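Right, one structure below, let's go through it.
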Amino acid sequence: MTQTTPETPDLPPTPFHDLDAYVALPRTGGLALSPDGRRLVTAVSTLSPDSTKYVTALWEVDPAGERPARRLTRSAKGESGAAFLPDGSLLFGSGRPDPSAKDDDEVPLLWLLPAEGGEARVVAKRPGGVGGVVVARESGTVVVASSTFPSSTDTESEEKRRKERKEKKVAAILHERYPVRYWDHDLGPDAPRLFAGVLGDGESPLDDPRVELRDLTPDAGRSLDSAAYDVSADGSTVVTVWNVPERGGFRQSLALIDVATGERRLLADDADFDFEAPKFAPDGVSVAAVKGRRSTPDEPVDQELVVITVADGATRSLTADWDRWPGVPVWTPDGAAILFASDDDGRSPIFRADLASGEITRITADDYAYSDLVVSPDGQTLYALRTSYLEPPRPVRLSATAARQDSQPLPAPAPVPALPGTLTELDTTAADGVRVRAWLALPDGASATSPAPLLLWIHGGPLGSWNAWSWRWNPWLAVAQGYAVLLPDPALSTGYGLDFIRRGWGAWGKAPFTDLMAITDAAVARDDVDDTRTAAMGGSFGGYMANWVAGNTDRFDAIVTHASLWALDQFGPTTDAAFYWVKEMSAEMAAANSPHNHVDSITTPMLVIHGDRDYRVPIGEALRLWFEIASRAQGEDGEMPHKFLYYPDENHWILTPQHAKVWYQTVFAFLAHNVLGKDWETPAILT
C-alpha cells in the first residue's frame with residue numbers, strides 16, 4: 001500500500017478490504033434495446049445517501065461501444081423495468097410521486113421518458129401499483145401486472161377497499177386454497193391481474209397522452225402469482241404462465257388471452273409438466289417456452305426448450321436429446337432461431353438453436369455466465385450481461401450468428417472492481433469415478449511458505465452452479481481476509497448433465513456430501529492451502545449441507561449455516577411450496593437424510609444465521625437447530641461454542657446494506673476465532 005499523508009486518507013487496496021467500500025459498489029442488472037437498435041438501457045443500483053438501502057436508476061449504454069454510458073433517471077425512489085415503445089420512448093416503473101396528483105400510497109407507477117428527451121411523466125397507475133411491463137413490438141400495446149382485490153370491479157372499488165383496510169388497520173387474510181406464502185411475502189389479500197392498453201392522445205393539446213388500462217383477467221384469482229408473460233408483436237394476444245390448481249398446490253400451464261375481448265384458452269397444460277418463460281415468435285404463430293418434467297422421489301426434474309404452435313398447441317422440442325437445461329428463450333428477429341443461456345461446466349454460455357435443422361451451436365467460448373439477452377433488429381448483433389467470479393454483471397456485445405466467440409465489453413456505468421486475489425479451477429474424481437469440479441479463489445501471496453486457510457462454500461438450490469458473481473455470497477471479501485475460498489459443484493449441480501443430478505436425487509447426504517469431501521481433499525492437497533485451518537459454509541440447501549457436514553465429520557474448525565434446512569420432516573410441510581417438496585421428498589428420504597438425526601455427533605462450533613421472514617426455509621428450522629445444538633453444548637455457566645445471528649426483518653436473503661455488513665462482520669469474527677485462533681470480538685454494532 002502506498003504511504004499517505006494526514007491529508008490523504010489511507011485507502012484499502014481493493015473494495016473487498018473494507019465493507020463500507022464493498023456495499024457502496026454499484027450493481028448492474030437488466031437490459032432493454034430500443035426498436036431501432038441504437039439505445040441500450042440497463043439499471044444500476046447504488047447506495048442511498050444514508051447507506052441504508054439501494055436506489056436503482058436507468059442508464060443508457062452505447063451499443064456501438066463508442067460513447068460513455070449516461071444516466072437517464074434520478075429519483076429517491078428509483079426506477080426499474082425498462083421497456084421501449086415503438087417510437088423509442090422509454091417506459092419504466094417507479095414509486096416516485098406523481099407531480100400531477102396527490103397520492104397517499106407510494107406504489108409503483110408507469111412512467112414514460114420521451115424518445116426526444118425531456119421530463120418523464122406518469123402514463124398509467126393502479127391503486128395496487130403496476131409492474132412487469134411488456135410492449136408489443138409493432139402495435140405498442142402495453143401489458144402490465146397489478147395487484148388487485150378479488151372484489152374489485154374497477155379502479156374506484158379497488159381504491160375503496162384499500163382505503164378501508166388502511167384506515168381500520170386490517171391486515172388479516174382469509175385463505176381458501178394453498179399456497180399462502182411465496183419466498184419472502186404473503187399471498188393475498190390481493191392477487192396479480194394483467195392489464196393492457198395503448199398510449200392514447202389527450203383530449204386537448206395540453207393533455208399528456210396516457211395508457212388507459214383494461215383488466216384482461218378479472219377472474220384470475222391466484223393463477224398469475226409470479227407468472228411470466230409476453231405479448232405478440234401485433235398486440236392482439238398475451239401468453240402467460242397460468243397456475244392451474246391441483247390437490248395441495250398448482251401446476252404451471254400456459255394460457256393465451258385475447259387482448260380485445262379478454263377471452264382465454266389454455267395453450268399448454270399437462271399434469272406431468274410445468275411450463276415457464278413463454279416468448280412469442282416474431283410472427284406470432286408460435287410460442288417458445290421452457291418445459292419442465294415434474295420430479296418424483298425417484299426421478300429428477302428435467303427441462304427442455306419447446307416451440308408450441310398457437311393455432312393448435314402442437315409442441316416440438318428443440319433440446320430433447322441435449323443434456324443441458326435451457327434458460328429464458330430469445331427469438332432472432334427472423335424467427336429462424338432461438339438464443340438462450342445454459343449452465344455448462346461451471347459457466348453459463350449462450351447457445352443458438354436453429355429451428356429448421358434442430359442444430360444447437362455454442363455462441364460463446366469464454367468462462368462467463370450470460371443473462372438478459374437482446375438481439376439487434378437486423379439479427380446480427382447480440383447484447384447481454386456477462387459475469388463470472390472475476391467480474392460483476394456488465395453489458396457486452398457479440399455476433400448473434402458466429403460460433404465460440406469472446407464477447408466485447410461496452411462502456412458501462414459501473415467499473416469492474418480490483419480483486420484481492422486470483423481465480424483458478426480445480427477438479428477431482430469422486431469415489432464412483434465421476435469428475436467433480438470447483439472454482440478456487442486464492443489470496444495474493446498464498447504460497448507453500450504461507451498457505452491460506454480454506455473456506456468451503458456450498459451453493460444453494462440444490463439445482464444450481466457456482467458460475468456467476470454473487471453480491472450476497474462474495475468470495476473476494478473472504479479472500480481479502482486471507483482465506484482461500486473453494487466453490488464446488490457437487491452432485492445435484494446444474495451444467496453437468498442429468499445423470500450428475502440423478503446421483504444426488506433423493507440422497508442429499510450421500511453423493512453431494514462425498515463430492516464435497518473429495519474436492520476439499522483436492523484443495524487442501526495444494527501447497528498454497530493450509531489443511532490444518534478449514535471451515536465450511538452454506539446457505540439454503542448449502543446450509544442444509546453445512547448442517548449435514550457438521551453431523552458427519554469433524555474435519556472442519558467451524559461451520560456457518562445460513563437459512564438452512566435442519567429437520568426435513570418439519571421443513572417439508574412448513575415451507576412455502578410444500579406441494580413441490582412432497583413430489584421429491586418421500587418420508588423415507590427425509591428420515592435418511594435429515595441433519596437433525598446427527599445432532600449428537602456435532603462437535604464443531606456452529607454459527608447459525610436466519611431471517612424471521614424467510615418463508616422458503618421457515619424460521620422454525622433455525623429455532624429447532626439452535627435449541628438442539630445449544631442444549632447439548634451449553635455448560636453449567638451458560639457458555640458454549642455456538643452462536644446465532646438472527647434477523648427479525650430479513651428473509652431468505654439478507655438484502656439491506658447495513659445488515660449485509662453485520663452478516664460479514666459476524667461471519668469473519670466467528671471464523672477468526674475458531675479457524676485462526678483469535679480472541680472472539682463481537683461486532684461493535686451488536687454490543
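Identifiers in the C-alpha cells: chain A, B, ... in order shown; residue index from 1 per chain; ligand index from 1 in order shown.
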- Message: For Thr155 (chain A), find every residue with an atom within 10 Å (counting only C-alpha atoms), except residues of its own chain fewer than 2 positions away, and show them as a ChimeraX atom specification.
- Response: /A:125-128,148,152-153,157-160
Those same residues - N, CA and C atoms - I'd like them written as a short mmCIF file (atom, residue, chain, number, x, y, z; two decimals), in the first residue's frame.
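again-v6.cif, freshly written:
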data_model
loop_
_atom_site.label_atom_id
_atom_site.label_comp_id
_atom_site.auth_asym_id
_atom_site.auth_seq_id
_atom_site.Cartn_x
_atom_site.Cartn_y
_atom_site.Cartn_z
N LYS A 125 -51.46 4.30 -13.92
CA LYS A 125 -51.37 3.98 -12.50
C LYS A 125 -52.51 3.06 -12.12
N ARG A 126 -52.29 2.33 -11.06
CA ARG A 126 -53.30 1.46 -10.47
C ARG A 126 -53.17 1.57 -8.96
N PRO A 127 -54.27 1.41 -8.19
CA PRO A 127 -54.17 1.51 -6.73
C PRO A 127 -53.17 0.54 -6.12
N GLY A 128 -53.01 -0.64 -6.74
CA GLY A 128 -52.06 -1.62 -6.24
C GLY A 128 -50.71 -1.54 -6.90
N THR A 148 -54.56 -6.74 -7.24
CA THR A 148 -55.95 -6.28 -7.20
C THR A 148 -56.75 -7.16 -6.26
N SER A 152 -62.77 -6.30 -6.44
CA SER A 152 -62.67 -5.07 -7.23
C SER A 152 -63.16 -5.29 -8.65
N THR A 153 -64.00 -4.39 -9.10
CA THR A 153 -64.50 -4.43 -10.48
C THR A 153 -64.00 -3.26 -11.31
N SER A 157 -63.60 0.89 -6.96
CA SER A 157 -63.84 -0.12 -5.94
C SER A 157 -62.54 -0.62 -5.33
N GLU A 158 -61.49 -0.68 -6.15
CA GLU A 158 -60.18 -1.08 -5.64
C GLU A 158 -59.65 -0.04 -4.65
N GLU A 159 -59.76 1.23 -4.99
CA GLU A 159 -59.31 2.29 -4.08
C GLU A 159 -60.10 2.27 -2.78
N LYS A 160 -61.39 2.03 -2.86
CA LYS A 160 -62.24 2.00 -1.67
C LYS A 160 -61.81 0.88 -0.73
#
- Query: Do you know which residues are at most 12 Å from Ala353 (chain A) counting only C-alpha atoms, after dropping those on the same chain fewer than 4 positions away, and could you put them as a ChimeraX atom specification?
  - Reply: /A:288,304-307,317-320,322,326,329-332,335-342,357-363,400-401,403
- Where in region 106-346 of chain A does DSSP assign helix (DSSP H, G or I), given as a list of chain:residue names?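 Here is the list: A:Thr155, A:Glu156, A:Ser157, A:Glu158, A:Glu159, A:Lys160, A:Arg161, A:Arg162, A:Lys163, A:Glu164, A:Arg165, A:Lys166, A:Glu167.
Remark: for Ala414 (chain A), the closest of the candidate residues A:Glu391, A:Ser94, A:Ile308, A:Gly327 is A:Glu391 (distances computed over only C-alpha atoms).
Every protein, DNA or RNA residue with an atom at most 10 Å from Val582 (chain A), where only C-alpha atoms count and chain neighbours fewer than 3 positions away do not, is listed here: Gly248, Ser295, Thr296, Pro297, Gly572, Pro573, Ala577, Ala578, Phe579, Met585, Ser586 and Ala587 of chain A.
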- Message: Which residues are close to Gly29 (chain A), i.e. within 8 Å by only C-alpha atoms, leaving aside same-chain residues fewer than 3 positions away? Reply as a ChimeraX atom specification.
- Response: /A:42-44,385,393
- Could you tell me which of A:Asp489, A:Asp234, A:Glu681, A:Leu72 comes closest to Val285 (chain A) if we count only C-alpha atoms?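 Among the listed residues, the smallest separation from Val285 (chain A) belongs to A:Asp234.
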- Leaving out region 598-601 of chain A and any residue of its chain fewer than 6 positions from it, which residues lie within 9 Å of it when counting only C-alpha atoms, given as a PyMOL selection string? chain A and resi 547-548+550-554+625+628-629+632
Using the selection just defined, write its residues with C-alpha atoms as a short mmCIF file (atom, residue, chain, number, x, y, z; two decimals), in the first residue's frame.
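Generated file (result.cif):
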data_model
loop_
_atom_site.label_atom_id
_atom_site.label_comp_id
_atom_site.auth_asym_id
_atom_site.auth_seq_id
_atom_site.Cartn_x
_atom_site.Cartn_y
_atom_site.Cartn_z
CA ASN A 547 -25.58 -28.96 8.87
CA TRP A 548 -25.01 -32.41 7.37
CA ALA A 550 -21.35 -30.77 10.98
CA GLY A 551 -23.04 -34.03 11.98
CA ASN A 552 -20.99 -36.34 9.76
CA THR A 553 -17.39 -35.14 10.06
CA ASP A 554 -15.26 -33.19 12.50
CA LEU A 625 -31.43 -26.27 15.24
CA GLU A 628 -30.87 -28.83 19.80
CA ILE A 629 -27.21 -27.88 19.45
CA ARG A 632 -26.11 -30.38 24.05
#
- Write out as an MDAnalysis selection string the residues lying within 10 Å of His642 (chain A), counting only C-alpha atoms and excluding same-chain residues fewer than 6 positions away. chainID A and resid 558:560 603:608 626 629:630 633:634 670
- Message: So, with only C-alpha atoms as the atoms that count, which of A:Pro595, A:Val675, A:Asp274, A:Gly539 lies closest to Arg472 (chain A)?
- Response: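 Selected residue with least distance to Arg472 (chain A): A:Gly539.
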